[in-house]
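Since the structure comes first, as C-alpha cells, the remarks are kept for the end.
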There are 2 protein chains.
Amino acid sequence: MGDFMLHGDLHLKPGHLIRRAQQIAVSIFLDECKEFDLTPTQYAVLAVLREKSDLDQITLASRAALDRSTIGGLVERLEEKGWIRRTVGVEDRRQKLVSLTEAGQAMLETVEPSVERVQQRLLEPLNGDERAVFMALLERLVDENNESSRAPFKK
Amino acid sequence: MGDFMLHGDLHLKPGHLIRRAQQIAVSIFLDECKEFDLTPTQYAVLAVLREKSDLDQITLASRAALDRSTIGGLVERLEEKGWIRRTVGVEDRRQKLVSLTEAGQAMLETVEPSVERVQQRLLEPLNGDERAVFMALLERLVDENNESSRAPFKK
DNA sequence: TGCTGATAGACAGCATACTGATCGTCAGTG
DNA sequence: CACTGACGATCAGTATGCTGTCTATCAGCA
C-alpha cells in the first residue's frame, strides 16, 4: 500500500468482509430453512441441546456462543414452538434447565439436510483445498480471539 | 467424517464460525472506538461518504452493503451526531442526498488509527502469509455469494 | 442463624438486520 | 394531460446482540 492511499479500502477490511459474510450466511440459512421457521441462532441452541440435555441457560448460552441477555427470549420463542421445555432446577432453584422435546428432536433431524446445504452453498466459491484452508484459518481466528467477545464459547 | 458422526459439529460449521467472527469483530471495534461513540456500521457509512458525497440513501446503502430498511435510522443517528447532513434531491425530490459535515470528516480522520488497530487485532492470530490467504479466500467467498444477501454490494 | 458476596435469570433500552407494506414522486406512454 | 408502473424513502413488526440494572436464590462464614 503506497503513501498515496490515505486509508484502507473499506472492502478490504476484514471486519467489513466478516460482516458481509454473516449477512450472506444468515440469508442462505433462512432461504434453505424457510419452511421450518427456524433461524441460525435457534438452530445453534437446538444443536447444543442435542449433545447435552438439561442445561441451565447460562451454560447453554456459553456453548452456543450467545450472550446471556439474548438467550432468554430465544429460549422463550423455542418453547412457544414446542421444540424445548424448561423446568426449574431442583438443586438450584435459580436455574431453568432446558431440554429438547420430542418434537424438537424430530424437527432437528428433519432440518439437518437443509443446514448441510447451507454450509455447502457458503463454501461453494472455494475448491476442496481452499475450503480446508479457509476453515482452519477461520477457526484459529475465532478461537484465539474468543475472549474478545462478550459471548465467548465455553466448554 | 465417518458414519459414526451423525451430524457435523456445530463448531465446525462455517456459518457458526462466521457468526462468532462477527461478534468478535464488533466487540473489538466497539472496544477500540469506545471514546468516539461509533459503531462498525456507522463507520462503514462514513467511509463510503468519504469516497463520494451527495449519495442518495439507496446507493449509499448498496455501497456499504446495508439493507435499505436499515439505512434510514442509521443516517438519522449520524445526523443527530452532526457527522452528516441530508438534503432533498433537486433533480429527483424523492431522494435525500447524504454528505459528510466538516465535523464528520474530522471525526473520520481521528478515528482511522483505531479502526486500523481493529483489523490488526482481528488478524493477530494469523501470520503474514496466512493473513493474505485468509483475506483472499474470504473476499472470494463474499464476492461470489454477493447476490445471496438481501443487501448485496453494488458499485 | 443471620450477613455478605456471587450467581441465574429477567428486563429496559439501544443498534443492526430483515420482511412486507405504504406513500410520495418520477418517467414513459397513450 | 392522465394513467401506469417503477422507484426512493419510511414504517410496523420480528429477531439478534449488546450494556446495565434488578431480583431471587445460593453458598460461605461469623
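A note on labels: chains of the C-alpha cells are A, B, ... as shown, every chain counts residues from 1, and ligands are counted from 1 in their shown order.
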Q: Pick out the chain C residues within 8 Å of chain A. Count only C-alpha atoms (C1' of nucleotides). Give them as a list of chain:residue names.
A: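 Output check: C:DA8, C:DG9, C:DA10.
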Please give the complete set of residues from stretch 60-105 of chain A that DSSP, run on the backbone, assigns to alpha helix (DSSP H), formatted as a PDB file with C-alpha atoms, in the first residue's frame.
ATOM      1  CA  LEU A  60     -26.480 -23.224  27.124  1.00  0.00           C
ATOM      2  CA  ALA A  61     -25.676 -19.668  26.062  1.00  0.00           C
ATOM      3  CA  SER A  62     -21.937 -20.235  26.509  1.00  0.00           C
ATOM      4  CA  ARG A  63     -21.930 -23.378  24.405  1.00  0.00           C
ATOM      5  CA  ARG A  68     -26.774 -14.243  28.423  1.00  0.00           C
ATOM      6  CA  SER A  69     -29.173 -11.360  27.755  1.00  0.00           C
ATOM      7  CA  THR A  70     -30.155 -12.914  24.419  1.00  0.00           C
ATOM      8  CA  ILE A  71     -30.760 -16.480  25.496  1.00  0.00           C
ATOM      9  CA  GLY A  72     -33.919 -15.712  27.468  1.00  0.00           C
ATOM     10  CA  GLY A  73     -36.060 -14.507  24.605  1.00  0.00           C
ATOM     11  CA  LEU A  74     -34.606 -17.068  22.270  1.00  0.00           C
ATOM     12  CA  VAL A  75     -35.458 -19.961  24.558  1.00  0.00           C
ATOM     13  CA  GLU A  76     -38.903 -18.482  25.082  1.00  0.00           C
ATOM     14  CA  ARG A  77     -39.579 -18.494  21.337  1.00  0.00           C
ATOM     15  CA  LEU A  78     -38.338 -22.074  21.042  1.00  0.00           C
ATOM     16  CA  GLU A  79     -40.621 -23.041  23.910  1.00  0.00           C
ATOM     17  CA  GLU A  80     -43.609 -21.416  22.203  1.00  0.00           C
ATOM     18  CA  GLU A 102     -39.617 -34.982  21.092  1.00  0.00           C
ATOM     19  CA  ALA A 103     -40.968 -32.507  18.562  1.00  0.00           C
ATOM     20  CA  GLY A 104     -37.683 -30.604  18.853  1.00  0.00           C
ATOM     21  CA  GLN A 105     -35.603 -33.730  18.260  1.00  0.00           C
TER      22      GLN A 105
END
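Every residue of chain D that lies within 9 Å of chain B is listed here, counting only C-alpha atoms (C1' of nucleotides): DC7, DG8, DA9, DT10 and DG17 of chain D.
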Q: At a cut-off of 8 Å, list the chain B residues touching chain A, using only C-alpha atoms, as a ChimeraX atom specification.
A: /B:7,10,12-28,44,47-48,65,112,118-119,122-126,130,134-135,137-142,144-146,148-151
Using 12 Å as the limit and counting only C-alpha atoms (C1' of nucleotides), can you tabulate each residue of chain C that touches stretch 22-30 of chain D, with its shortest atom-to-atom distance in Å and the two atoms involved, as JSON lines?
{"residue": "C:DT1", "atom": "C1'", "partner": "D:DA30", "partner_atom": "C1'", "distance": 10.1}
{"residue": "C:DG2", "atom": "C1'", "partner": "D:DA30", "partner_atom": "C1'", "distance": 9.1}
{"residue": "C:DC3", "atom": "C1'", "partner": "D:DA30", "partner_atom": "C1'", "distance": 8.4}
{"residue": "C:DT4", "atom": "C1'", "partner": "D:DC29", "partner_atom": "C1'", "distance": 8.8}
{"residue": "C:DG5", "atom": "C1'", "partner": "D:DG28", "partner_atom": "C1'", "distance": 9.1}
{"residue": "C:DA6", "atom": "C1'", "partner": "D:DA27", "partner_atom": "C1'", "distance": 8.4}
{"residue": "C:DT7", "atom": "C1'", "partner": "D:DC26", "partner_atom": "C1'", "distance": 7.7}
{"residue": "C:DA8", "atom": "C1'", "partner": "D:DT25", "partner_atom": "C1'", "distance": 8.2}
{"residue": "C:DG9", "atom": "C1'", "partner": "D:DA24", "partner_atom": "C1'", "distance": 8.8}
{"residue": "C:DA10", "atom": "C1'", "partner": "D:DC22", "partner_atom": "C1'", "distance": 8.4}
{"residue": "C:DC11", "atom": "C1'", "partner": "D:DC22", "partner_atom": "C1'", "distance": 8.1}
{"residue": "C:DA12", "atom": "C1'", "partner": "D:DC22", "partner_atom": "C1'", "distance": 10.5}
Q) How many Å lie between atom CA of A:Arg86 and atom CA of A:Leu38, rounded to one decimal? A) 19.1 Å
Q) So which bits of chain A end up strand (DSSP E or B) when you DSSP the backbone, as a PyMOL selection string? A) chain A and resi 55-56+84-88+96-100
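Of note, atom CA of B:Glu91 and atom C1' of C:DG28 are spaced 17.2 Å apart.
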(Q) Please list as a list of chain:residue names every residue within 12 Å of C:DT29, counting only C-alpha atoms (C1' of nucleotides) and excluding residues in the same chain fewer than 3 positions away. (A)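 So, after excluding close chain neighbours, the residues are D:DC1, D:DA2, D:DC3, D:DT4, D:DG5.
Taking atom CA of A:Ala132 and atom CA of A:Arg117 as endpoints, the distance between them is 17.0 Å.
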